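Colleague: run22.cif is reproduced in full below (mmCIF, C-alpha atoms (C1' of nucleotides)).
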```cif
data_work
loop_
_atom_site.label_atom_id
_atom_site.label_comp_id
_atom_site.auth_asym_id
_atom_site.auth_seq_id
_atom_site.Cartn_x
_atom_site.Cartn_y
_atom_site.Cartn_z
CA MET A 226 20.85 18.17 8.20
CA THR A 227 24.02 17.13 10.01
CA ASP A 228 24.88 13.54 10.75
CA LEU A 229 24.40 14.19 14.42
CA GLU A 230 20.95 15.60 13.87
CA THR A 231 20.08 12.63 11.73
CA VAL A 232 21.24 10.22 14.39
CA LEU A 233 19.30 12.03 17.09
CA LEU A 234 16.12 12.12 15.07
CA GLU A 235 16.42 8.48 14.21
CA ARG A 236 16.93 7.60 17.81
CA GLU A 237 13.96 9.68 18.82
CA ALA A 238 11.85 8.05 16.15
CA ALA A 239 12.98 4.62 17.19
CA GLU A 240 12.18 5.40 20.79
CA ALA A 241 8.77 6.78 19.97
CA GLU A 242 8.13 3.75 17.84
CA GLU A 243 9.20 1.34 20.52
CA ASP A 244 7.51 3.33 23.18
CA LEU A 245 4.07 1.78 22.84
CA ARG A 246 5.54 -1.67 22.34
CA LEU A 247 7.45 -1.45 25.59
CA ALA A 248 4.60 0.28 27.37
CA MET A 249 2.32 -2.59 26.44
CA LEU A 250 4.81 -5.16 27.63
CA ALA A 251 5.28 -3.27 30.86
CA ARG A 252 1.83 -2.08 31.75
CA SER A 253 -0.94 -3.55 29.67
CA PRO A 254 -3.76 -5.27 31.45
CA LEU A 255 -3.27 -9.04 31.24
CA VAL A 256 0.46 -8.51 31.36
CA THR A 257 1.39 -12.14 31.55
CA ALA A 258 -0.99 -13.25 28.83
CA TYR A 259 0.06 -10.32 26.68
CA ARG A 260 3.74 -11.10 27.04
CA LEU A 261 3.12 -14.75 26.37
CA ASN A 262 1.25 -14.05 23.16
CA TYR A 263 3.72 -11.41 22.13
CA VAL A 264 6.63 -13.82 22.42
CA ALA A 265 4.74 -16.67 20.78
CA ASN A 266 3.77 -14.43 17.86
CA SER A 267 7.29 -13.14 17.47
CA PHE A 268 8.53 -16.69 17.41
CA VAL A 269 6.25 -17.90 14.65
CA ALA A 270 6.26 -14.65 12.67
CA GLY A 271 9.92 -14.88 11.91
CA LEU A 272 9.91 -18.60 11.43
CA TYR A 273 7.13 -19.84 9.20
CA GLY A 274 7.54 -17.39 6.34
CA LYS A 275 11.17 -18.28 5.92
CA MET A 276 10.52 -21.97 6.40
CA GLU A 277 7.83 -22.12 3.74
CA GLU A 278 9.87 -20.11 1.32
CA GLU A 279 13.06 -22.10 1.77
CA THR A 280 11.70 -25.61 2.12
CA GLY A 281 8.08 -25.42 0.99
CA ILE A 282 6.90 -26.72 4.35
CA SER A 283 3.93 -24.80 5.74
CA ARG A 284 3.06 -24.36 9.37
CA ALA A 285 0.46 -27.13 9.32
CA GLN A 286 2.86 -29.43 7.52
CA PHE A 287 5.51 -28.73 10.10
CA VAL A 288 3.08 -29.63 12.85
CA VAL A 289 2.38 -32.93 11.16
CA LEU A 290 6.07 -33.72 10.84
CA LEU A 291 6.69 -32.68 14.42
CA CYS A 292 4.01 -35.07 15.63
CA LEU A 293 5.35 -37.87 13.48
CA SER A 294 8.80 -37.25 14.90
CA VAL A 295 7.34 -37.96 18.33
CA ARG A 296 5.00 -40.76 17.32
CA ASP A 297 5.48 -42.14 13.87
CA GLY A 298 2.31 -43.79 12.65
CA CYS A 299 -0.18 -41.50 14.33
CA THR A 300 -3.24 -40.33 12.42
CA ALA A 301 -4.44 -36.90 11.33
CA GLN A 302 -7.22 -37.09 13.88
CA GLU A 303 -4.77 -37.71 16.71
CA ILE A 304 -2.70 -34.79 15.56
CA ALA A 305 -5.78 -32.60 15.48
CA ASP A 306 -6.69 -33.61 19.03
CA ALA A 307 -3.17 -33.14 20.30
CA THR A 308 -2.58 -29.75 18.74
CA HIS A 309 -6.10 -28.28 18.65
CA ARG A 310 -5.81 -27.56 14.97
CA PRO A 311 -8.81 -27.93 12.65
CA LYS A 312 -8.73 -31.29 11.00
CA ASN A 313 -9.49 -30.04 7.52
CA SER A 314 -6.34 -27.98 7.36
CA LEU A 315 -4.42 -30.98 8.65
CA SER A 316 -6.06 -33.04 5.95
CA ARG A 317 -4.69 -30.62 3.39
CA ALA A 318 -1.26 -30.65 4.97
CA VAL A 319 -1.22 -34.44 4.95
CA ARG A 320 -2.14 -34.56 1.30
CA ALA A 321 0.56 -32.05 0.40
CA LEU A 322 3.19 -33.92 2.39
CA GLU A 323 2.17 -37.15 0.75
CA ALA A 324 2.27 -35.58 -2.70
CA ALA A 325 5.76 -34.30 -1.95
CA GLY A 326 6.79 -37.77 -0.89
CA HIS A 327 7.58 -36.72 2.67
CA ILE A 328 5.11 -39.03 4.35
CA HIS A 329 3.47 -42.32 3.56
CA ARG A 330 -0.17 -42.88 4.29
CA SER A 331 -1.64 -46.33 4.76
CA THR A 332 -5.02 -47.61 5.82
CA ASP A 333 -5.45 -49.37 9.13
CA VAL A 334 -6.68 -52.86 8.32
CA ARG A 335 -8.41 -53.09 11.67
CA ASP A 336 -10.27 -49.84 11.22
CA GLN A 337 -10.39 -48.62 7.69
CA ARG A 338 -11.32 -45.12 8.73
CA ARG A 339 -7.91 -44.57 10.25
CA GLN A 340 -4.93 -43.70 8.07
CA PRO A 341 -1.67 -44.00 9.98
CA LEU A 342 1.01 -41.65 8.73
CA GLN A 343 4.70 -42.34 8.50
CA MET A 344 7.69 -40.24 7.58
CA THR A 345 9.61 -41.33 4.54
CA PRO A 346 13.39 -40.91 4.31
CA SER A 347 12.72 -37.76 2.29
CA GLY A 348 10.44 -36.58 5.09
CA ARG A 349 13.12 -37.22 7.67
CA ARG A 350 15.59 -35.26 5.60
CA ILE A 351 13.33 -32.25 5.22
CA PHE A 352 12.31 -32.44 8.86
CA THR A 353 15.94 -32.30 9.90
CA GLN A 354 16.24 -29.10 7.91
CA VAL A 355 13.16 -27.35 9.25
CA ARG A 356 13.83 -28.52 12.77
CA ALA A 357 17.25 -26.91 12.58
CA GLN A 358 15.65 -23.63 11.50
CA ALA A 359 13.10 -23.81 14.27
CA GLU A 360 15.72 -24.70 16.85
CA ALA A 361 17.80 -21.74 15.78
CA ARG A 362 14.78 -19.51 16.24
CA GLU A 363 14.13 -21.03 19.64
CA ALA A 364 17.72 -20.35 20.61
CA GLU A 365 17.33 -16.71 19.56
CA MET A 366 14.21 -16.52 21.66
CA LEU A 367 15.89 -17.89 24.75
CA ALA A 368 19.10 -15.96 24.27
CA SER A 369 18.19 -13.45 26.98
CA LEU A 370 17.87 -16.17 29.58
CA SER A 371 20.44 -18.24 31.38
CA ALA A 372 20.25 -21.99 30.97
CA GLU A 373 18.66 -22.31 34.39
CA GLU A 374 16.08 -19.65 33.63
CA ALA A 375 15.23 -21.25 30.31
CA ALA A 376 14.75 -24.59 32.01
CA LEU A 377 12.54 -22.99 34.60
CA LEU A 378 10.45 -21.24 31.96
CA SER A 379 9.98 -24.50 30.14
CA LYS A 380 8.96 -26.24 33.33
CA LEU A 381 6.40 -23.60 34.23
CA LEU A 382 4.92 -23.63 30.74
CA ASN A 383 4.71 -27.38 30.86
CA ARG A 384 2.87 -27.28 34.15
CA ILE A 385 0.34 -24.85 32.69
CA ALA A 386 -0.04 -26.86 29.50
CA GLN A 387 -0.84 -30.09 31.33
CA ASP A 388 -4.44 -29.19 32.00
CA PHE A 389 -5.14 -26.13 29.93
CA MET B 135 -21.82 -52.71 29.57
CA THR B 136 -21.52 -51.85 33.23
CA ASP B 137 -20.90 -48.36 34.50
CA LEU B 138 -17.45 -49.38 35.64
CA GLU B 139 -16.56 -50.73 32.24
CA THR B 140 -17.83 -47.54 30.66
CA VAL B 141 -15.73 -45.43 32.97
CA LEU B 142 -12.65 -47.52 32.31
CA LEU B 143 -13.09 -47.42 28.56
CA GLU B 144 -13.68 -43.70 28.61
CA ARG B 145 -10.59 -43.20 30.67
CA GLU B 146 -8.61 -45.39 28.32
CA ALA B 147 -9.93 -43.46 25.34
CA ALA B 148 -9.17 -40.17 27.03
CA GLU B 149 -5.69 -41.35 27.81
CA ALA B 150 -5.06 -42.56 24.29
CA GLU B 151 -6.41 -39.28 23.01
CA GLU B 152 -4.28 -37.25 25.37
CA ASP B 153 -1.34 -39.48 24.86
CA LEU B 154 0.07 -37.68 21.85
CA ARG B 155 -0.75 -34.31 23.34
CA LEU B 156 1.21 -35.09 26.46
CA ALA B 157 3.95 -36.82 24.54
CA MET B 158 4.41 -33.69 22.45
CA LEU B 159 4.53 -31.50 25.51
CA ALA B 160 7.02 -33.81 27.14
CA ARG B 161 9.31 -34.84 24.35
CA SER B 162 8.84 -32.91 21.14
CA PRO B 163 11.85 -31.22 19.67
CA LEU B 164 11.72 -27.51 20.47
CA VAL B 165 10.08 -28.33 23.77
CA THR B 166 10.11 -24.82 25.12
CA ALA B 167 8.88 -23.20 21.93
CA TYR B 168 6.28 -25.91 21.53
CA ARG B 169 4.96 -25.47 25.06
CA LEU B 170 4.93 -21.73 24.66
CA ASN B 171 2.90 -21.87 21.48
CA TYR B 172 0.65 -24.53 22.86
CA VAL B 173 -0.24 -22.42 25.88
CA ALA B 174 -0.62 -19.26 23.83
CA ASN B 175 -2.92 -21.02 21.38
CA SER B 176 -4.98 -22.53 24.16
CA PHE B 177 -5.33 -19.09 25.67
CA VAL B 178 -6.64 -17.39 22.57
CA ALA B 179 -8.63 -20.35 21.27
CA GLY B 180 -11.00 -20.30 24.18
CA LEU B 181 -11.12 -16.56 24.43
CA TYR B 182 -11.72 -14.86 21.12
CA GLY B 183 -14.62 -16.94 19.91
CA LYS B 184 -16.59 -16.29 23.04
CA MET B 185 -15.59 -12.65 23.13
CA GLU B 186 -16.70 -11.97 19.59
CA GLU B 187 -19.94 -13.82 20.05
CA GLU B 188 -20.86 -12.14 23.32
CA THR B 189 -19.65 -8.61 22.71
CA GLY B 190 -19.00 -8.37 18.98
CA ILE B 191 -15.38 -7.43 19.62
CA SER B 192 -12.93 -9.26 17.37
CA ARG B 193 -9.35 -10.08 18.18
CA ALA B 194 -7.98 -7.15 16.21
CA GLN B 195 -10.50 -4.83 17.81
CA PHE B 196 -9.49 -6.05 21.23
CA VAL B 197 -5.88 -5.33 20.42
CA VAL B 198 -6.80 -1.77 19.48
CA LEU B 199 -8.73 -1.24 22.69
CA LEU B 200 -5.92 -2.78 24.72
CA CYS B 201 -3.44 -0.34 23.20
CA LEU B 202 -5.75 2.59 23.77
CA SER B 203 -6.11 1.53 27.38
CA VAL B 204 -2.38 1.91 27.72
CA ARG B 205 -1.97 4.99 25.56
CA ASP B 206 -5.13 6.76 24.62
CA GLY B 207 -4.64 8.78 21.46
CA CYS B 208 -2.16 6.50 19.75
CA THR B 209 -2.54 5.83 16.04
CA ALA B 210 -3.21 2.67 14.04
CA GLN B 211 0.34 2.74 12.75
CA GLU B 212 1.76 2.83 16.26
CA ILE B 213 -0.44 -0.09 17.20
CA ALA B 214 0.76 -2.00 14.15
CA ASP B 215 4.39 -1.37 15.07
CA ALA B 216 3.85 -2.28 18.69
CA THR B 217 1.94 -5.48 18.08
CA HIS B 218 3.38 -6.63 14.72
CA ARG B 219 -0.06 -6.91 13.25
CA PRO B 220 -0.70 -6.03 9.59
CA LYS B 221 -1.96 -2.51 9.36
CA ASN B 222 -4.78 -3.26 6.97
CA SER B 223 -6.52 -5.54 9.44
CA LEU B 224 -6.04 -2.87 12.09
CA SER B 225 -7.53 -0.38 9.68
CA ARG B 226 -10.60 -2.55 9.44
CA ALA B 227 -10.77 -2.98 13.19
CA VAL B 228 -10.53 0.76 13.70
CA ARG B 229 -13.32 1.43 11.26
CA ALA B 230 -15.55 -1.16 12.92
CA LEU B 231 -14.87 0.23 16.38
CA GLU B 232 -15.61 3.73 15.16
CA ALA B 233 -18.82 2.60 13.49
CA ALA B 234 -19.86 0.95 16.74
CA GLY B 235 -19.14 4.19 18.58
CA HIS B 236 -16.42 2.62 20.73
CA ILE B 237 -13.63 4.90 19.61
CA HIS B 238 -13.31 8.39 18.24
CA ARG B 239 -10.96 9.15 15.41
CA SER B 240 -9.61 12.62 14.78
CA THR B 241 -7.00 14.02 12.45
CA ASP B 242 -3.72 15.36 13.76
CA VAL B 243 -3.59 19.03 12.74
CA ARG B 244 0.19 18.96 12.74
CA ASP B 245 0.36 15.94 10.47
CA GLN B 246 -2.83 15.20 8.67
CA ARG B 247 -1.77 11.68 7.84
CA ARG B 248 -2.00 10.69 11.48
CA GLN B 249 -5.35 9.85 13.01
CA PRO B 250 -5.14 9.65 16.79
CA LEU B 251 -7.68 7.26 18.29
CA GLN B 252 -9.51 7.68 21.54
CA MET B 253 -11.87 5.48 23.50
CA THR B 254 -15.36 6.79 23.96
CA PRO B 255 -17.33 6.11 27.15
CA SER B 256 -19.05 3.31 25.24
CA GLY B 257 -15.61 1.98 24.33
CA ARG B 258 -14.51 2.05 27.93
CA ARG B 259 -17.63 0.19 28.94
CA ILE B 260 -17.15 -2.57 26.39
CA PHE B 261 -13.45 -2.76 27.16
CA THR B 262 -14.21 -3.30 30.82
CA GLN B 263 -16.34 -6.25 29.78
CA VAL B 264 -13.88 -7.89 27.44
CA ARG B 265 -10.98 -7.24 29.77
CA ALA B 266 -12.85 -9.07 32.49
CA GLN B 267 -13.31 -12.06 30.19
CA ALA B 268 -9.67 -12.02 29.20
CA GLU B 269 -8.52 -11.67 32.78
CA ALA B 270 -10.66 -14.62 33.76
CA ARG B 271 -9.02 -16.65 31.03
CA GLU B 272 -5.59 -15.51 32.18
CA ALA B 273 -6.44 -16.60 35.70
CA GLU B 274 -7.46 -20.04 34.42
CA MET B 275 -4.19 -20.23 32.58
CA LEU B 276 -2.13 -19.40 35.63
CA ALA B 277 -4.18 -21.50 38.01
CA SER B 278 -1.56 -24.24 38.11
CA LEU B 279 1.11 -21.86 39.34
CA SER B 280 1.67 -20.21 42.68
CA ALA B 281 1.69 -16.44 42.79
CA GLU B 282 5.47 -16.44 42.95
CA GLU B 283 5.78 -18.78 40.02
CA ALA B 284 3.35 -16.71 37.96
CA ALA B 285 5.32 -13.58 38.70
CA LEU B 286 8.51 -15.32 37.72
CA LEU B 287 7.01 -16.56 34.47
CA SER B 288 5.85 -13.07 33.64
CA LYS B 289 9.28 -11.68 34.38
CA LEU B 290 11.06 -14.20 32.20
CA LEU B 291 8.65 -13.63 29.31
CA ASN B 292 9.14 -9.91 29.67
CA ARG B 293 12.87 -10.28 29.48
CA ILE B 294 12.57 -12.30 26.30
CA ALA B 295 10.10 -9.89 24.78
CA GLN B 296 12.32 -6.87 25.30
CA ASP B 297 14.49 -7.57 22.31
CA PHE B 298 12.77 -10.29 20.38
"C1'" DA C 85 8.74 26.23 -6.13
"C1'" DT C 86 9.59 21.51 -7.85
"C1'" DT C 87 10.71 17.09 -7.52
"C1'" DG C 88 11.60 12.86 -5.19
"C1'" DT C 89 11.14 10.12 -1.11
"C1'" DC C 90 8.86 8.50 2.61
"C1'" DA C 91 4.89 7.69 5.90
"C1'" DA C 92 -0.30 6.84 7.30
"C1'" DG C 93 -4.20 4.81 6.11
"C1'" DT C 94 -7.23 2.50 2.67
"C1'" DT C 95 -8.54 -0.64 -0.94
"C1'" DC C 96 -7.98 -4.52 -3.94
"C1'" DC C 97 -7.65 -9.24 -4.63
"C1'" DA C 98 -5.76 -13.87 -4.56
"C1'" DA C 99 -5.04 -17.22 -1.20
"C1'" DT C 100 -5.96 -19.30 3.12
"C1'" DT C 101 -9.00 -20.50 6.64
"C1'" DG C 102 -12.10 -23.15 9.30
"C1'" DG C 103 -17.08 -24.33 10.25
"C1'" DA C 104 -20.47 -27.35 8.48
"C1'" DA C 105 -22.15 -30.88 5.75
"C1'" DC C 106 -20.91 -35.21 3.59
"C1'" DG C 107 -19.58 -40.26 2.53
"C1'" DA C 108 -17.57 -44.26 4.28
"C1'" DT C 109 -16.70 -47.16 8.08
"C1'" DT C 110 -17.15 -48.83 12.70
"C1'" DT C 111 -19.42 -49.36 17.13
"C1'" DC C 112 -23.17 -49.30 20.14
"C1'" DT C 113 -27.94 -50.62 21.52
"C1'" DG C 114 -32.07 -53.00 21.73
"C1'" DC D 138 -28.93 -58.73 13.49
"C1'" DA D 139 -30.87 -54.06 12.17
"C1'" DG D 140 -30.87 -49.47 12.89
"C1'" DA D 141 -28.89 -45.62 15.36
"C1'" DA D 142 -25.00 -43.11 16.70
"C1'" DA D 143 -20.36 -41.99 16.49
"C1'" DT D 144 -15.74 -41.49 14.09
"C1'" DC D 145 -12.21 -40.47 10.37
"C1'" DG D 146 -11.17 -38.09 6.63
"C1'" DT D 147 -12.65 -35.06 2.73
"C1'" DT D 148 -15.06 -31.42 0.34
"C1'" DC D 149 -17.65 -27.25 -0.01
"C1'" DC D 150 -18.02 -22.51 0.57
"C1'" DA D 151 -18.44 -18.10 2.85
"C1'" DA D 152 -15.56 -15.25 5.41
"C1'" DT D 153 -11.16 -13.66 6.78
"C1'" DT D 154 -6.55 -12.69 5.82
"C1'" DG D 155 -2.54 -10.14 4.60
"C1'" DG D 156 0.67 -8.65 0.74
"C1'" DA D 157 0.86 -5.18 -2.62
"C1'" DA D 158 -0.66 -1.27 -4.89
"C1'" DC D 159 -2.80 3.15 -4.22
"C1'" DT D 160 -4.05 7.89 -2.25
"C1'" DT D 161 -3.04 11.62 0.27
"C1'" DG D 162 0.00 14.27 3.02
"C1'" DA D 163 4.71 15.63 4.86
"C1'" DC D 164 9.20 16.86 4.17
"C1'" DA D 165 14.13 16.98 2.34
"C1'" DA D 166 17.11 18.36 -1.33
"C1'" DT D 167 17.96 21.11 -5.15
#
```
Show me, as structure tokens, the structure contained in the file I just sent.

Modeller:
Amino acid sequence: MTDLETVLLEREAAEAEEDLRLAMLARSPLVTAYRLNYVANSFVAGLYGKMEEETGISRAQFVVLLCLSVRDGCTAQEIADATHRPKNSLSRAVRALEAAGHIHRSTDVRDQRRQPLQMTPSGRRIFTQVRAQAEAREAEMLASLSAEEAALLSKLLNRIAQDF
Amino acid sequence: MTDLETVLLEREAAEAEEDLRLAMLARSPLVTAYRLNYVANSFVAGLYGKMEEETGISRAQFVVLLCLSVRDGCTAQEIADATHRPKNSLSRAVRALEAAGHIHRSTDVRDQRRQPLQMTPSGRRIFTQVRAQAEAREAEMLASLSAEEAALLSKLLNRIAQDF
DNA sequence: ATTGTCAAGTTCCAATTGGAACGATTTCTG
DNA sequence: CAGAAATCGTTCCAATTGGAACTTGACAAT
């Protein structure tokens, strides 16, 4: 087989392979929802595997750190409510983060059921790392858009998220 | 406790509860990615449980039907490539759909490894049902946007999805 | 023809998941 | 104040998941 033939066949294969992918993005029922989920899945697919492997921080653990970065001292229950994640997996994530020394867990003296969580310096260090990875992935994601378009996208998503 | 007090306390509780949720949406690092994933999760969370319970169609099965609705006769491998879903779970979904009589699976005479899939009339019927559910959910999702804004959102997501 | 490589689909299995029940604590109600 | 109801976090366990190995088939190179 000549090089040219090889190239042509590879291109054809690549096109056939991408064909359904692009057809779905272009014409599937639920186009908007499909595109939204497609992009969201692509985002996390690339990210969490690498993150866990390089830093040992799982998806649930990252969510916890992200929440603490916004409101240090919040509880697992509040995180569960805010992110719609099952509280038992958050419980596991909290324990792992605590074991790794990335967060500190205390008991609310007013209400001993509540256990406010706080990032330790080690937690802040690791969060800086994983945030950088995630931000890089976000930048890749938005690379096809201009700054104005990206801002608009974010605004529209925010509007939807408010009561959804 | 008076009714008014009850209402006020409930509102306060609801606000405290939503506080972190809204704070995350407003100020978390990775705002755009966070909002995107939040909306995508909210979309599927409500949908797939109800869908499976009411029609017996799982998420993976829905994906297969959705692909067949765009390209009848495509194979499990093509679906896996197009949707980035592991092929073993698609294999299971295909078997279940076939067992339920919703799809027909043949063997490509040219290449006996390939098994083109086709919706049966029963499959088309059930797909009409689940598509209606999903479209209703999509409509809920987009309810906060005008038609123009929704179209713009879809366009921006499509642009991102093209090479991401 | 034979051998090696690759692709489609399946199966195996270890790990993860999340719903449900639980124990401990607080809050509500009568 | 006593009992009921609700809340926070944990544990249990059945089911799902997806990576990796496997089977079968196609095809290129020799």

Colleague: What is the atom CA of Val264 of chain B to atom CA of Ala194 of chain B distance in Å?

Modeller: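 Separating atom CA of Val264 of chain B from atom CA of Ala194 of chain B is a distance of 12.7 Å.
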
Colleague: Given the file shown, enumerate the residues that the PyMOL selection byres ((chain B and resi 260) around 10) captures and present them as a list of chain:residue names.

Modeller: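 Expected selection for the PyMOL selection byres ((chain B and resi 260) around 10) here is B:Thr189, B:Gly190, B:Ile191, B:Phe196, B:Leu199, B:His236, B:Thr254, B:Pro255, B:Ser256, B:Gly257, B:Arg258, B:Arg259, B:Phe261, B:Thr262, B:Gln263, B:Val264, B:Arg265, B:Ala266.
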
Colleague: Any chance you could lay chain B over chain A, fitting all C-alpha atoms in order by least squares, and write the moved chain as a compact mmCIF listing (two decimals) with C-alpha atoms, keeping the file's coordinate frame?

Modeller:
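And here is the file that came out, superposed09.txt:
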```txt
# COMPACT_ATOMS: atom_id res chain seq x y z
CA MET B 135 21.62 17.55 8.61
CA THR B 136 24.68 16.25 10.39
CA ASP B 137 25.29 12.60 11.07
CA LEU B 138 24.81 13.20 14.76
CA GLU B 139 21.48 14.86 14.22
CA THR B 140 20.43 11.99 11.99
CA VAL B 141 21.39 9.46 14.62
CA LEU B 142 19.56 11.36 17.32
CA LEU B 143 16.41 11.73 15.26
CA GLU B 144 16.47 8.09 14.30
CA ARG B 145 16.87 7.11 17.89
CA GLU B 146 14.03 9.39 18.88
CA ALA B 147 11.85 7.93 16.15
CA ALA B 148 12.79 4.42 17.17
CA GLU B 149 11.99 5.22 20.75
CA ALA B 150 8.65 6.77 19.90
CA GLU B 151 7.90 3.78 17.73
CA GLU B 152 8.90 1.33 20.41
CA ASP B 153 7.27 3.36 23.07
CA LEU B 154 3.83 1.82 22.77
CA ARG B 155 5.30 -1.63 22.28
CA LEU B 156 7.24 -1.38 25.50
CA ALA B 157 4.41 0.34 27.30
CA MET B 158 2.13 -2.55 26.40
CA LEU B 159 4.65 -5.09 27.59
CA ALA B 160 5.13 -3.19 30.80
CA ARG B 161 1.68 -2.03 31.73
CA SER B 162 -1.09 -3.53 29.65
CA PRO B 163 -3.88 -5.27 31.47
CA LEU B 164 -3.36 -9.02 31.25
CA VAL B 165 0.37 -8.47 31.35
CA THR B 166 1.32 -12.10 31.54
CA ALA B 167 -1.07 -13.23 28.84
CA TYR B 168 -0.06 -10.30 26.69
CA ARG B 169 3.64 -11.04 27.02
CA LEU B 170 3.05 -14.69 26.35
CA ASN B 171 1.15 -14.02 23.16
CA TYR B 172 3.57 -11.37 22.10
CA VAL B 173 6.52 -13.73 22.39
CA ALA B 174 4.65 -16.59 20.75
CA ASN B 175 3.63 -14.38 17.84
CA SER B 176 7.14 -13.05 17.43
CA PHE B 177 8.41 -16.60 17.36
CA VAL B 178 6.13 -17.82 14.62
CA ALA B 179 6.08 -14.58 12.64
CA GLY B 180 9.73 -14.77 11.82
CA LEU B 181 9.75 -18.50 11.36
CA TYR B 182 6.97 -19.75 9.15
CA GLY B 183 7.35 -17.31 6.30
CA LYS B 184 10.98 -18.16 5.85
CA MET B 185 10.36 -21.86 6.33
CA GLU B 186 7.67 -22.03 3.69
CA GLU B 187 9.67 -19.99 1.25
CA GLU B 188 12.88 -21.96 1.67
CA THR B 189 11.55 -25.48 2.03
CA GLY B 190 7.92 -25.34 0.93
CA ILE B 191 6.79 -26.63 4.31
CA SER B 192 3.80 -24.76 5.72
CA ARG B 193 2.96 -24.33 9.36
CA ALA B 194 0.39 -27.11 9.34
CA GLN B 195 2.79 -29.39 7.52
CA PHE B 196 5.46 -28.66 10.09
CA VAL B 197 3.06 -29.57 12.84
CA VAL B 198 2.39 -32.91 11.17
CA LEU B 199 6.09 -33.65 10.81
CA LEU B 200 6.72 -32.59 14.40
CA CYS B 201 4.08 -35.03 15.62
CA LEU B 202 5.44 -37.81 13.46
CA SER B 203 8.88 -37.15 14.87
CA VAL B 204 7.47 -37.86 18.29
CA ARG B 205 5.16 -40.69 17.31
CA ASP B 206 5.63 -42.08 13.87
CA GLY B 207 2.46 -43.76 12.66
CA CYS B 208 -0.03 -41.50 14.39
CA THR B 209 -3.11 -40.37 12.49
CA ALA B 210 -4.37 -36.96 11.40
CA GLN B 211 -7.13 -37.16 13.97
CA GLU B 212 -4.65 -37.77 16.78
CA ILE B 213 -2.63 -34.81 15.60
CA ALA B 214 -5.75 -32.67 15.55
CA ASP B 215 -6.62 -33.69 19.11
CA ALA B 216 -3.09 -33.16 20.34
CA THR B 217 -2.55 -29.77 18.77
CA HIS B 218 -6.12 -28.36 18.71
CA ARG B 219 -5.85 -27.63 15.04
CA PRO B 220 -8.87 -28.03 12.74
CA LYS B 221 -8.74 -31.39 11.08
CA ASN B 222 -9.54 -30.14 7.61
CA SER B 223 -6.40 -28.03 7.44
CA LEU B 224 -4.45 -31.02 8.71
CA SER B 225 -6.08 -33.08 6.01
CA ARG B 226 -4.76 -30.66 3.45
CA ALA B 227 -1.32 -30.66 5.01
CA VAL B 228 -1.23 -34.44 4.99
CA ARG B 229 -2.18 -34.60 1.34
CA ALA B 230 0.48 -32.05 0.42
CA LEU B 231 3.15 -33.88 2.38
CA GLU B 232 2.17 -37.14 0.75
CA ALA B 233 2.21 -35.57 -2.70
CA ALA B 234 5.68 -34.23 -1.98
CA GLY B 235 6.77 -37.71 -0.93
CA HIS B 236 7.56 -36.63 2.64
CA ILE B 237 5.15 -38.98 4.34
CA HIS B 238 3.55 -42.30 3.58
CA ARG B 239 -0.08 -42.91 4.32
CA SER B 240 -1.49 -46.38 4.81
CA THR B 241 -4.84 -47.70 5.92
CA ASP B 242 -5.25 -49.45 9.25
CA VAL B 243 -6.46 -52.97 8.46
CA ARG B 244 -8.17 -53.21 11.83
CA ASP B 245 -10.06 -49.97 11.35
CA GLN B 246 -10.17 -48.77 7.81
CA ARG B 247 -11.14 -45.27 8.82
CA ARG B 248 -7.74 -44.70 10.35
CA GLN B 249 -4.80 -43.77 8.15
CA PRO B 250 -1.52 -44.03 10.04
CA LEU B 251 1.12 -41.64 8.74
CA GLN B 252 4.81 -42.29 8.50
CA MET B 253 7.77 -40.15 7.55
CA THR B 254 9.67 -41.22 4.49
CA PRO B 255 13.44 -40.76 4.24
CA SER B 256 12.72 -37.63 2.21
CA GLY B 257 10.44 -36.48 5.03
CA ARG B 258 13.14 -37.05 7.59
CA ARG B 259 15.57 -35.08 5.50
CA ILE B 260 13.28 -32.09 5.14
CA PHE B 261 12.30 -32.29 8.79
CA THR B 262 15.93 -32.12 9.80
CA GLN B 263 16.17 -28.91 7.81
CA VAL B 264 13.09 -27.21 9.16
CA ARG B 265 13.81 -28.35 12.69
CA ALA B 266 17.20 -26.71 12.46
CA GLN B 267 15.56 -23.45 11.40
CA ALA B 268 13.03 -23.66 14.19
CA GLU B 269 15.67 -24.52 16.76
CA ALA B 270 17.71 -21.54 15.65
CA ARG B 271 14.68 -19.34 16.15
CA GLU B 272 14.07 -20.88 19.57
CA ALA B 273 17.66 -20.14 20.51
CA GLU B 274 17.22 -16.51 19.46
CA MET B 275 14.11 -16.37 21.57
CA LEU B 276 15.84 -17.71 24.65
CA ALA B 277 19.02 -15.74 24.14
CA SER B 278 18.11 -13.25 26.85
CA LEU B 279 17.84 -15.96 29.47
CA SER B 280 20.44 -18.03 31.25
CA ALA B 281 20.27 -21.78 30.84
CA GLU B 282 18.71 -22.10 34.27
CA GLU B 283 16.12 -19.47 33.54
CA ALA B 284 15.25 -21.08 30.21
CA ALA B 285 14.80 -24.42 31.90
CA LEU B 286 12.60 -22.84 34.52
CA LEU B 287 10.48 -21.12 31.90
CA SER B 288 10.03 -24.38 30.07
CA LYS B 289 9.04 -26.12 33.27
CA LEU B 290 6.47 -23.51 34.20
CA LEU B 291 4.95 -23.55 30.71
CA ASN B 292 4.79 -27.31 30.85
CA ARG B 293 2.96 -27.22 34.12
CA ILE B 294 0.41 -24.83 32.70
CA ALA B 295 0.01 -26.84 29.53
CA GLN B 296 -0.74 -30.07 31.36
CA ASP B 297 -4.33 -29.20 32.05
CA PHE B 298 -5.08 -26.15 30.00
```

Colleague: Care to translate the PyMOL selection byres ((chain A and resi 333) around 12) into actual residues of this file, as a list in words?

Modeller: Gly298, Cys299, Thr300, Arg330, Ser331, Thr332, Val334, Arg335, Asp336, Gln337, Arg338, Arg339, Gln340, Pro341 and Leu342 of chain A; DT109 of chain C; DC145 of chain D
